[in-house]
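Listing of run10.cif; format and content: mmCIF, C-alpha atoms; chains and numbers go by the auth columns.
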data_query
#
loop_
_atom_site.group_PDB
_atom_site.id
_atom_site.type_symbol
_atom_site.label_atom_id
_atom_site.label_comp_id
_atom_site.label_asym_id
_atom_site.label_seq_id
_atom_site.Cartn_x
_atom_site.Cartn_y
_atom_site.Cartn_z
_atom_site.B_iso_or_equiv
_atom_site.auth_seq_id
_atom_site.auth_asym_id
ATOM 1 C CA LEU A 1 -34.425 29.602 -25.576 0.00 1 A
ATOM 2 C CA ILE A 2 -31.143 30.055 -27.356 0.00 2 A
ATOM 3 C CA LYS A 3 -30.835 28.434 -30.742 0.00 3 A
ATOM 4 C CA ILE A 4 -27.424 27.123 -31.741 0.00 4 A
ATOM 5 C CA SER A 5 -26.806 26.104 -35.280 0.00 5 A
ATOM 6 C CA PRO A 6 -25.455 22.567 -35.831 0.00 6 A
ATOM 7 C CA MET A 7 -22.388 24.034 -37.528 0.00 7 A
ATOM 8 C CA LYS A 8 -21.583 26.189 -34.481 0.00 8 A
ATOM 9 C CA LEU A 9 -22.200 23.240 -32.136 0.00 9 A
ATOM 10 C CA ASN A 10 -19.806 21.030 -34.133 0.00 10 A
ATOM 11 C CA ARG A 11 -17.129 23.721 -34.039 0.00 11 A
ATOM 12 C CA THR A 12 -17.575 24.174 -30.275 0.00 12 A
ATOM 13 C CA LEU A 13 -17.374 20.422 -29.630 0.00 13 A
ATOM 14 C CA LYS A 14 -14.299 20.216 -31.836 0.00 14 A
ATOM 15 C CA TRP A 15 -12.519 22.922 -29.811 0.00 15 A
ATOM 16 C CA ILE A 16 -13.522 21.314 -26.519 0.00 16 A
ATOM 17 C CA LEU A 17 -12.110 17.953 -27.657 0.00 17 A
ATOM 18 C CA ILE A 18 -8.907 19.610 -28.911 0.00 18 A
ATOM 19 C CA SER A 19 -8.537 21.439 -25.574 0.00 19 A
ATOM 20 C CA ILE A 20 -9.010 18.195 -23.619 0.00 20 A
ATOM 21 C CA ALA A 21 -6.457 16.436 -25.849 0.00 21 A
ATOM 22 C CA ILE A 22 -3.911 19.234 -25.297 0.00 22 A
ATOM 23 C CA VAL A 23 -4.408 19.079 -21.511 0.00 23 A
ATOM 24 C CA LEU A 24 -3.964 15.283 -21.541 0.00 24 A
ATOM 25 C CA VAL A 25 -0.791 15.485 -23.645 0.00 25 A
ATOM 26 C CA LEU A 26 0.645 18.186 -21.381 0.00 26 A
ATOM 27 C CA ALA A 27 -0.207 16.113 -18.304 0.00 27 A
ATOM 28 C CA TRP A 28 1.399 13.070 -19.926 0.00 28 A
ATOM 29 C CA PHE A 29 4.730 14.893 -20.245 0.00 29 A
ATOM 30 C CA LEU A 30 4.611 17.495 -17.464 0.00 30 A
ATOM 31 C CA VAL A 31 3.530 15.374 -14.477 0.00 31 A
ATOM 32 C CA PRO A 32 6.671 13.159 -14.503 0.00 32 A
ATOM 33 C CA LEU A 33 8.838 16.280 -14.844 0.00 33 A
ATOM 34 C CA LEU A 34 7.045 17.986 -11.949 0.00 34 A
ATOM 35 C CA VAL A 35 7.263 14.842 -9.774 0.00 35 A
ATOM 36 C CA LYS A 36 10.963 14.429 -10.591 0.00 36 A
ATOM 37 C CA ASN A 37 11.758 18.063 -9.752 0.00 37 A
ATOM 38 C CA TYR A 38 9.678 17.964 -6.573 0.00 38 A
ATOM 39 C CA ALA A 39 11.414 14.760 -5.419 0.00 39 A
ATOM 40 C CA ILE A 40 14.885 16.191 -6.100 0.00 40 A
ATOM 41 C CA ASN A 41 14.185 19.591 -4.507 0.00 41 A
ATOM 42 C CA ASN A 42 12.476 18.148 -1.400 0.00 42 A
ATOM 43 C CA SER A 43 14.447 14.919 -0.999 0.00 43 A
ATOM 44 C CA LYS A 44 16.061 15.926 2.295 0.00 44 A
ATOM 45 C CA GLU A 45 12.641 16.422 3.895 0.00 45 A
ATOM 46 C CA LEU A 46 11.130 13.333 2.204 0.00 46 A
ATOM 47 C CA LEU A 47 14.001 10.819 2.422 0.00 47 A
ATOM 48 C CA GLY A 48 16.614 12.356 4.715 0.00 48 A
ATOM 49 C CA ARG A 49 19.261 12.741 1.985 0.00 49 A
ATOM 50 C CA GLN A 50 19.780 14.597 -1.280 0.00 50 A
ATOM 51 C CA ILE A 51 18.931 12.613 -4.410 0.00 51 A
ATOM 52 C CA ASP A 52 19.251 13.101 -8.145 0.00 52 A
ATOM 53 C CA ILE A 53 17.209 11.541 -10.953 0.00 53 A
ATOM 54 C CA GLU A 54 18.177 11.819 -14.619 0.00 54 A
ATOM 55 C CA ARG A 55 14.903 10.685 -16.151 0.00 55 A
ATOM 56 C CA LEU A 56 11.444 9.672 -14.947 0.00 56 A
ATOM 57 C CA ARG A 57 8.512 8.419 -17.039 0.00 57 A
ATOM 58 C CA PHE A 58 4.987 7.201 -16.232 0.00 58 A
ATOM 59 C CA ASN A 59 2.514 5.345 -18.366 0.00 59 A
ATOM 60 C CA TYR A 60 -0.842 6.069 -16.766 0.00 60 A
ATOM 61 C CA PHE A 61 -2.671 3.410 -18.767 0.00 61 A
ATOM 62 C CA THR A 62 -0.381 0.466 -17.976 0.00 62 A
ATOM 63 C CA GLY A 63 0.736 1.500 -14.464 0.00 63 A
ATOM 64 C CA ASN A 64 4.381 1.514 -15.555 0.00 64 A
ATOM 65 C CA MET A 65 7.040 3.760 -13.971 0.00 65 A
ATOM 66 C CA HIS A 66 10.512 3.939 -15.512 0.00 66 A
ATOM 67 C CA MET A 67 13.441 5.746 -13.847 0.00 67 A
ATOM 68 C CA ASN A 68 17.015 6.225 -15.053 0.00 68 A
ATOM 69 C CA GLY A 69 20.098 7.565 -13.299 0.00 69 A
ATOM 70 C CA PHE A 70 19.051 7.612 -9.637 0.00 70 A
ATOM 71 C CA LYS A 71 21.609 8.701 -7.025 0.00 71 A
ATOM 72 C CA MET A 72 21.312 9.135 -3.270 0.00 72 A
ATOM 73 C CA PHE A 73 24.225 11.008 -1.762 0.00 73 A
ATOM 74 C CA GLU A 74 26.002 10.867 1.573 0.00 74 A
ATOM 75 C CA PRO A 75 25.367 13.786 3.971 0.00 75 A
ATOM 76 C CA ASP A 76 28.260 15.642 2.252 0.00 76 A
ATOM 77 C CA GLU A 77 26.030 15.721 -0.903 0.00 77 A
ATOM 78 C CA GLN A 78 29.002 14.711 -3.089 0.00 78 A
ATOM 79 C CA THR A 79 29.730 11.043 -2.394 0.00 79 A
ATOM 80 C CA VAL A 80 27.273 8.506 -3.807 0.00 80 A
ATOM 81 C CA PHE A 81 25.707 6.215 -1.200 0.00 81 A
ATOM 82 C CA VAL A 82 23.208 4.343 -3.424 0.00 82 A
ATOM 83 C CA SER A 83 22.650 4.562 -7.150 0.00 83 A
ATOM 84 C CA PHE A 84 21.148 2.598 -9.987 0.00 84 A
ATOM 85 C CA ASP A 85 20.979 2.849 -13.750 0.00 85 A
ATOM 86 C CA THR A 86 17.436 1.619 -14.437 0.00 86 A
ATOM 87 C CA LEU A 87 14.324 0.945 -12.377 0.00 87 A
ATOM 88 C CA ASN A 88 11.167 -0.319 -14.015 0.00 88 A
ATOM 89 C CA VAL A 89 8.060 -0.916 -11.899 0.00 89 A
ATOM 90 C CA ASN A 90 4.832 -2.149 -13.442 0.00 90 A
ATOM 91 C CA ILE A 91 1.819 -2.215 -11.105 0.00 91 A
ATOM 92 C CA GLU A 92 -1.870 -2.934 -11.496 0.00 92 A
ATOM 93 C CA PRO A 93 -3.509 0.071 -9.780 0.00 93 A
ATOM 94 C CA TYR A 94 -7.075 -1.182 -10.332 0.00 94 A
ATOM 95 C CA GLN A 95 -6.304 -4.109 -7.980 0.00 95 A
ATOM 96 C CA PHE A 96 -6.305 -1.684 -4.997 0.00 96 A
ATOM 97 C CA VAL A 97 -10.105 -1.778 -5.249 0.00 97 A
ATOM 98 C CA PHE A 98 -9.961 -5.500 -4.399 0.00 98 A
ATOM 99 C CA ASN A 99 -7.479 -4.984 -1.495 0.00 99 A
ATOM 100 C CA LYS A 100 -4.609 -6.364 -3.560 0.00 100 A
ATOM 101 C CA LYS A 101 -1.240 -4.775 -4.168 0.00 101 A
ATOM 102 C CA VAL A 102 0.014 -6.278 -7.403 0.00 102 A
ATOM 103 C CA VAL A 103 3.448 -5.629 -8.898 0.00 103 A
ATOM 104 C CA GLU A 104 3.692 -7.272 -12.304 0.00 104 A
ATOM 105 C CA GLN A 105 7.381 -6.437 -12.704 0.00 105 A
ATOM 106 C CA LEU A 106 10.155 -4.888 -10.645 0.00 106 A
ATOM 107 C CA TYR A 107 13.395 -4.623 -12.616 0.00 107 A
ATOM 108 C CA LEU A 108 16.491 -2.955 -11.142 0.00 108 A
ATOM 109 C CA GLN A 109 19.729 -2.736 -13.116 0.00 109 A
ATOM 110 C CA GLY A 110 23.106 -1.351 -12.091 0.00 110 A
ATOM 111 C CA LEU A 111 22.445 -1.029 -8.355 0.00 111 A
ATOM 112 C CA TYR A 112 25.441 0.324 -6.423 0.00 112 A
ATOM 113 C CA VAL A 113 25.495 0.415 -2.599 0.00 113 A
ATOM 114 C CA ASN A 114 28.456 1.791 -0.610 0.00 114 A
ATOM 115 C CA ILE A 115 28.449 0.885 3.118 0.00 115 A
ATOM 116 C CA VAL A 116 31.124 2.379 5.388 0.00 116 A
ATOM 117 C CA GLN A 117 31.706 1.443 9.029 0.00 117 A
ATOM 118 C CA GLN A 118 33.792 3.557 11.400 0.00 118 A
ATOM 119 C CA ASP A 119 33.938 2.195 14.966 0.00 119 A
ATOM 120 C CA THR A 120 30.306 1.224 15.685 0.00 120 A
ATOM 121 C CA THR A 121 28.667 3.711 13.328 0.00 121 A
ATOM 122 C CA PHE A 122 27.656 3.186 9.725 0.00 122 A
ATOM 123 C CA ASN A 123 27.174 5.718 6.957 0.00 123 A
ATOM 124 C CA PHE A 124 23.426 4.975 6.942 0.00 124 A
ATOM 125 C CA ASP A 125 22.753 5.546 10.673 0.00 125 A
ATOM 126 C CA ASP A 126 21.277 8.988 9.927 0.00 126 A
ATOM 127 C CA LEU A 127 18.801 7.386 7.488 0.00 127 A
ATOM 128 C CA VAL A 128 17.739 4.811 10.078 0.00 128 A
ATOM 129 C CA ALA A 129 17.182 7.566 12.634 0.00 129 A
ATOM 130 C CA PHE A 130 15.294 9.697 10.091 0.00 130 A
ATOM 131 C CA HIS A 131 12.915 6.888 9.140 0.00 131 A
ATOM 132 C CA THR A 132 12.337 5.454 12.638 0.00 132 A
ATOM 133 C CA THR A 133 11.103 8.661 14.245 0.00 133 A
ATOM 134 C CA GLU A 134 7.451 7.665 14.001 0.00 134 A
ATOM 135 C CA ASP A 135 4.619 9.676 15.419 0.00 135 A
ATOM 136 C CA GLU A 136 2.393 7.803 17.920 0.00 136 A
ATOM 137 C CA THR A 137 -0.734 8.585 15.900 0.00 137 A
ATOM 138 C CA GLU A 138 0.847 7.076 12.803 0.00 138 A
ATOM 139 C CA ALA A 139 1.577 3.859 14.725 0.00 139 A
ATOM 140 C CA GLU A 140 -2.024 3.648 15.956 0.00 140 A
ATOM 141 C CA ASP A 141 -3.419 4.288 12.466 0.00 141 A
ATOM 142 C CA SER A 142 -1.242 1.599 10.902 0.00 142 A
ATOM 143 C CA GLU A 143 -2.729 -1.038 13.239 0.00 143 A
ATOM 144 C CA GLU A 144 -6.259 -0.275 12.015 0.00 144 A
ATOM 145 C CA GLU A 145 -5.506 -0.560 8.267 0.00 145 A
ATOM 146 C CA GLU A 146 -7.337 -3.064 6.107 0.00 146 A
ATOM 147 C CA ALA A 147 -5.583 -6.318 5.291 0.00 147 A
ATOM 148 C CA PHE A 148 -4.074 -6.477 1.818 0.00 148 A
ATOM 149 C CA LYS A 149 -3.000 -9.352 -0.347 0.00 149 A
ATOM 150 C CA TYR A 150 0.402 -8.846 -1.975 0.00 150 A
ATOM 151 C CA ILE A 151 1.412 -10.377 -5.293 0.00 151 A
ATOM 152 C CA LEU A 152 4.915 -9.544 -6.538 0.00 152 A
ATOM 153 C CA SER A 153 5.934 -11.025 -9.891 0.00 153 A
ATOM 154 C CA ASN A 154 9.053 -10.889 -12.057 0.00 154 A
ATOM 155 C CA LEU A 155 11.445 -9.446 -9.485 0.00 155 A
ATOM 156 C CA GLU A 156 14.842 -8.992 -11.116 0.00 156 A
ATOM 157 C CA LEU A 157 18.087 -7.480 -9.907 0.00 157 A
ATOM 158 C CA LYS A 158 20.801 -7.261 -12.543 0.00 158 A
ATOM 159 C CA ASP A 159 24.492 -6.263 -12.369 0.00 159 A
ATOM 160 C CA ALA A 160 24.422 -5.048 -8.757 0.00 160 A
ATOM 161 C CA GLN A 161 27.544 -4.017 -6.870 0.00 161 A
ATOM 162 C CA PHE A 162 27.857 -3.879 -3.078 0.00 162 A
ATOM 163 C CA VAL A 163 30.865 -2.315 -1.337 0.00 163 A
ATOM 164 C CA TYR A 164 31.466 -2.669 2.402 0.00 164 A
ATOM 165 C CA GLU A 165 34.368 -0.684 3.831 0.00 165 A
ATOM 166 C CA ASP A 166 35.373 -1.416 7.420 0.00 166 A
ATOM 167 C CA ARG A 167 37.667 1.448 8.423 0.00 167 A
ATOM 168 C CA ASN A 168 38.467 -0.231 11.739 0.00 168 A
ATOM 169 C CA LEU A 169 40.547 -2.975 10.103 0.00 169 A
ATOM 170 C CA PRO A 170 40.967 -1.383 7.315 0.00 170 A
ATOM 171 C CA ASP A 171 39.311 -3.756 4.849 0.00 171 A
ATOM 172 C CA THR A 172 36.979 -3.508 1.868 0.00 172 A
ATOM 173 C CA THR A 173 34.661 -6.267 0.690 0.00 173 A
ATOM 174 C CA ARG A 174 33.135 -6.118 -2.785 0.00 174 A
ATOM 175 C CA ILE A 175 30.340 -8.115 -4.379 0.00 175 A
ATOM 176 C CA GLU A 176 30.199 -7.400 -8.097 0.00 176 A
ATOM 177 C CA ASP A 177 27.858 -8.456 -10.917 0.00 177 A
ATOM 178 C CA PHE A 178 25.258 -9.772 -8.476 0.00 178 A
ATOM 179 C CA SER A 179 22.003 -10.764 -10.191 0.00 179 A
ATOM 180 C CA PHE A 180 18.863 -12.759 -9.406 0.00 180 A
ATOM 181 C CA PHE A 181 15.353 -13.367 -10.693 0.00 181 A
ATOM 182 C CA ILE A 182 12.323 -14.350 -8.578 0.00 182 A
ATOM 183 C CA PRO A 183 9.231 -15.337 -10.585 0.00 183 A
ATOM 184 C CA GLN A 184 6.659 -14.624 -7.852 0.00 184 A
ATOM 185 C CA ILE A 185 6.178 -13.903 -4.162 0.00 185 A
ATOM 186 C CA SER A 186 2.743 -13.512 -2.595 0.00 186 A
ATOM 187 C CA TRP A 187 1.270 -13.294 0.884 0.00 187 A
ATOM 188 C CA ASP A 188 -1.983 -12.381 2.536 0.00 188 A
ATOM 189 C CA GLN A 189 -2.287 -10.183 5.630 0.00 189 A
ATOM 190 C CA GLU A 190 -5.620 -11.631 6.712 0.00 190 A
ATOM 191 C CA GLU A 191 -5.555 -13.358 10.074 0.00 191 A
ATOM 192 C CA LYS A 192 -7.046 -16.833 10.045 0.00 192 A
#
Show how you would write the structure in this file as structure tokens.
Amino acid sequence: LIKISPMKLNRTLKWILISIAIVLVLAWFLVPLLVKNYAINNSKELLGRQIDIERLRFNYFTGNMHMNGFKMFEPDEQTVFVSFDTLNVNIEPYQFVFNKKVVEQLYLQGLYVNIVQQDTTFNFDDLVAFHTTEDETEAEDSEEEEAFKYILSNLELKDAQFVYEDRNLPDTTRIEDFSFFIPQISWDQEEK
């Protein structure tokens, strides 16, 4: 048997705890940075368009995600199609165990959407095509999923701006400073 002195054991435990704390602190700051960079660099494959994100933060303990300065560009990668200043989403991840998807807060500020129509095509037709090409196996799997209960609380949109440009006429319609607040929406997927 190997004998370890209590002093040596305390020192070893101290270094193990310090190492775990360092790893947790690095994960706290590095994971959002890695996710942000991955999303930006692979956005064409993931979403169908190039995006940019200024800042992304997670709070693992509260289930809170905070994003600033989001932009999705047109196919030319210069013109902004959709952007927003602030997105705050607060979920309760432990509720997934009970087949519930709970969003405690969804706050979106400074949303900007630019829709352009030329003849019968819109500037988002490529996104619709990108997201509707569904594999048959994915469609079959989605039918067999468990039923979830959804609870969405504190849904707020603040200072949104929508621009619709019809190049056939030519005419531009603008909706500015659009805001709303919905206290709660819930529904259950179970068939009765």
Nearby residues (only C-alpha atoms) at most 12 Å from Asp188 in chain A, same-chain spacing under 3 positions excluded, as number ranges by chain: A: 99-102, 146-152, 185, 191-192
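With CA of Glu176 in chain A on one side and CA of Asn154 in chain A on the other, the separation reads 21.8 Å.
Going from CA of Ser19 in chain A over to CA of Phe58 in chain A, you cover 21.7 Å.
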Please provide as a compact mmCIF listing (two decimals) with C-alpha atoms, keeping the file's coordinate frame all residues within 7 Å of Gly63 in chain A, with the sequence filter that same-chain residues fewer than 3 positions apart are discarded (counting only C-alpha atoms).
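What landed in around-v3.txt:
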# COMPACT_ATOMS: atom_id res chain seq x y z
CA ASN A 59 2.51 5.34 -18.37
CA TYR A 60 -0.84 6.07 -16.77
CA ASN A 90 4.83 -2.15 -13.44
CA ILE A 91 1.82 -2.22 -11.10
CA GLU A 92 -1.87 -2.93 -11.50
CA PRO A 93 -3.51 0.07 -9.78
Nearest residue to Lys71 in chain A from the set A:Glu156, A:Asp52, A:Asp85, A:Glu104 (distances using all atoms listed in the file): A:Asp52
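Distances here use all atoms listed in the file; by that measure, the residue among A:Arg49, A:Leu56, A:Val97, A:Leu169 closest to Val31 in chain A is A:Leu56.
Between Ile175 in chain A and the residues A:Gln161, A:Thr121, A:Gln105, A:Asn64, the shortest atom-to-atom distance, using only C-alpha atoms, involves A:Gln161.
The gap separating CA of His131 in chain A from CA of Gly48 in chain A is 7.9 Å, in Å to one decimal.
Of the listed residues A:Phe122, A:Ile53, A:Val113, A:Val163, the one whose atoms come nearest to Asn41 in chain A is A:Ile53, with distances taken using all atoms listed in the file.
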Spatial neighbours of Arg55 in chain A, 10 Å, all atoms listed in the file, chain gap at least 5 places, as a ChimeraX atom specification: /A:32-33,36,66-70,86
Picked residues, the PyMOL selection byres ((chain A and resi 88) around 6), as a list in words: Met65, His66, Leu87, Val89, Leu106 and Tyr107 of chain A
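Restricting the calculation to all atoms listed in the file, the smallest distance between Ala129 in chain A and any of A:Gln117, A:Leu47, A:Phe96, A:Val82 is found for A:Leu47.
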Selection dump of the PyMOL selection byres ((chain A and resi 159) around 9), as a list in words: Leu108, Gln109, Gly110, Leu111, Tyr112, Leu157, Lys158, Ala160, Gln161, Glu176, Asp177, Phe178 and Ser179 of chain A
Kindly export the residues of the current selection with C-alpha atoms, as an mmCIF file, keeping the file's coordinate frame.
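The result, stored in selection_35.cif:
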data_model
loop_
_atom_site.group_PDB
_atom_site.id
_atom_site.type_symbol
_atom_site.label_atom_id
_atom_site.label_comp_id
_atom_site.auth_asym_id
_atom_site.auth_seq_id
_atom_site.Cartn_x
_atom_site.Cartn_y
_atom_site.Cartn_z
ATOM 1 C CA LEU A 108 16.491 -2.955 -11.142
ATOM 2 C CA GLN A 109 19.729 -2.736 -13.116
ATOM 3 C CA GLY A 110 23.106 -1.351 -12.091
ATOM 4 C CA LEU A 111 22.445 -1.029 -8.355
ATOM 5 C CA TYR A 112 25.441 0.324 -6.423
ATOM 6 C CA LEU A 157 18.087 -7.480 -9.907
ATOM 7 C CA LYS A 158 20.801 -7.261 -12.543
ATOM 8 C CA ALA A 160 24.422 -5.048 -8.757
ATOM 9 C CA GLN A 161 27.544 -4.017 -6.870
ATOM 10 C CA GLU A 176 30.199 -7.400 -8.097
ATOM 11 C CA ASP A 177 27.858 -8.456 -10.917
ATOM 12 C CA PHE A 178 25.258 -9.772 -8.476
ATOM 13 C CA SER A 179 22.003 -10.764 -10.191
#
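When you apply the PyMOL selection byres ((chain A and resi 81) around 6) to this structure, what comes back is Met72, Phe73, Glu74, Val80, Val82, Val113 and Asn114 of chain A.
Of the residues under consideration (A:Trp15, A:Glu165, A:Asn10, A:Arg57), A:Arg57 shows the shortest atom-to-atom contact distance to Phe29 in chain A when counting all atoms listed in the file.
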